[in-house]
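Engineer: Below is one structure. I have some questions about it.
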Amino acid sequence: MNDYRIASIPGDGIGVDVQIEARKVLDAAAKRFGFGLEWTEFDWSCERYAKTGTMMPEDGIEQLSGFDSILLGAVGFPGVPDHVSLWGLLIPVRRAFQQYVNLRPVRLLPGTTSVLAGRSADELEMVIVRENSEGEYSTLGGRHNSGQASEFALQEAVFTRIGVERIVRYAFELARTRSGRVTSATKSNGIIHTMPFWDEIFAEVAAEYPDVKAELTHIDALAARMVQQPDRLDVVVGSNLFGDILSDLAAAVTGGLGMAPSGNLNPEREHPSMFEAVHGSAPDIAGQGIANPVAQVLAATMMLEHLGETDAATAINAAVEKVLSEGVALTPDLGGKATTAQLGTAIAEAI
Ligand code: NAD
Ligand code: IPM
Ligand code: MN
C-alpha cells in the first residue's frame, strides 16, 4: 500500500470550507482504492498573521519540504493587505519549490451551464499554462518622491531565458497529448522589452515542434476570443500575470470560479507540488456554507494524478460528473440550494 504525506493549509475564508470537502472526498477515494493519506494540518493564515505578525513560521518552507504534496485552500482576508498575505505564504512556496508551472484546466461539465449561450457540456475545454515563478510578479521597483506631485511607483518585470523557455516547452509537450495546438498570450505591440523576448523564445521552441500548431495572439484580442470563440482554444500559455487573468476568464466561460482547479507543479519532482483552486478566499461569502467545493475537489484530483493514483483520480472525476448531472446537490453559484458540505458529501458518497 502506498502512503502519502500531505500538508494541508486551509488558509482563510472559503479556503477553510472547501478544504474540508476536498479532504472528505480524498479520504473516501483512499479507502476505496487502498492507499494511505497522512494529513498534517497547518494553521498558516491571516488569522495567524493577526496573532503573530507572520503568515507562516520562519522555517515554514523547511517544514513543508518533506511532504509529498501540499493542498492549499486560499489565503487573504480583509484586515491584512493582500500583498502581505500572499507574499507571506503563497508566492514564497511557489518559488522555493520551483513550482514554475501553474496548470489550470477548465471544462464545461455535465449539469452545469456556461454564461455563454448555447454551449453544451464538454464543448468547452482548455488549459491555461501559466508561468508561475517570475515575470510581472517581482519585488524589483519601489515608491519614490513620496508626498510630492512627482510621486511615482516603479515595478519591474523579470523574464529569464530559462524561465520562458521551460514554460513554453511544457505547453508544447502538453499540446502533443491533447489537441496539438498552442496559443501564446503576448503583448509585444505595447510592451517592448519583455514581450518581444517572450515571442522570440516561443518561436524558437515552436520550431522544435513542427507537429504542433503554434500561434501568437495579443492578450487583449485573446480575451475577446476566449468569450466569442472559446472552442478554438486548447493549450494557452502566458506569463505570470497574463496567465492569472486568463485563468479566471477561462473559469468564468466554462462553469465559473467554483469549478476551476489549479496545480502549482515542480515538473522535475525535486520538491513538493502544491494544489489549490483558481479562486481565492471569497470574503463576500465566507462562513455562509455556500461556497462551491468542486474546484478544490478537482485540485485534489490533480494532486492524486501527480502522485500516480490515476484510478482514484478518474473515479473522483466521474463522481463529480455524476453528482453535477443529477443536479440534486448544487450550490447557489450552480443554481441550486445545497450547502458546501452537502455537495462535498454527495461527491464522496458517489465514489
Ligand atoms: P475570489 O476568487 O476569492 O472571489 C471572486 C468572486 O467569486 C467572489 O464573488 C466570490 O464569492 C466568488 N467565488 C469564488 N470562489 C467561489 C466558490 N468556490 N464558490 C462560489 N463562489 C465563489 O477573488 P477576490 O475576491 O479577488 O479575492 C479574495 C481574496 O482571496 C483576496 O485576499 C485575494 O488576494 C485572495 N486570493 C487568494 C488566492 C489563493 O490563495 N490562491 C487566489 C485568489 C485570490
Ligand atoms: C491566483 C491568485 C494569486 C496570483 C494572488 C492571490 C497572489 O490570484 O493564484 O490566481 O495572482 O497568483
Ligand atoms: Mn488569480
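Lettering and numbering for the C-alpha cells are positional, with chains as A, B, ... in the shown order, residues counted from 1 in each chain, and ligands counted from 1 in the shown order.
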Using DSSP on the backbone, list every residue of segment 148-258 of chain A that comes out as alpha helix (DSSP H), and give them as a ChimeraX atom specification.
Structural biologist: /A:161-176,194-207,219-228,240-254
Engineer: From the DSSP assignment of the backbone, select every residue of segment 227-281 of chain A that is strand (DSSP E), and format the answer as a list in words.
Structural biologist: Val235, Val236, Val237, Gly238, Pro261, Ser262, Gly263, Asn264, Leu265, Ser273, Met274, Phe275, Glu276 and Ala277 of chain A
Engineer: Can I get the residues of segment 28-77 of chain A within 10 Å of segment 21-24 of chain A, each with the closest pair of atoms and their distance in Å to one decimal, using only C-alpha atoms, sorted chain first then ascending number, as a tab-separated table?
Structural biologist:
residue	atom	partner	partner_atom	distance
A:Ala28	CA	A:Lys24	CA	6.3
A:Ala29	CA	A:Lys24	CA	8.8
A:Leu37	CA	A:Arg23	CA	9.6
A:Trp39	CA	A:Arg23	CA	9.0
A:Leu71	CA	A:Ala22	CA	9.1
A:Gly73	CA	A:Ala22	CA	9.4
Engineer: With only C-alpha atoms and all ligand atoms as the atoms that count, which of A:Ala121, A:Leu90, A:Ile14, A:Ile347 lies nearest to ligand 3?
Structural biologist: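 Closest candidate: A:Leu90.
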Engineer: Could you list the protein, DNA and RNA residues that have any atom within 8 Å of ligand 3, counting only C-alpha atoms and all ligand atoms, and write them as a ChimeraX atom specification?
Structural biologist: /A:244-245,247-248,278-280
Engineer: Write out as a ChimeraX atom specification the residues lying within 10 Å of Ser133 of chain A, counting only C-alpha atoms and excluding same-chain residues fewer than 5 positions away.
Structural biologist: /A:91-92,94-102,138,158-159,163-164,167,239-240,264
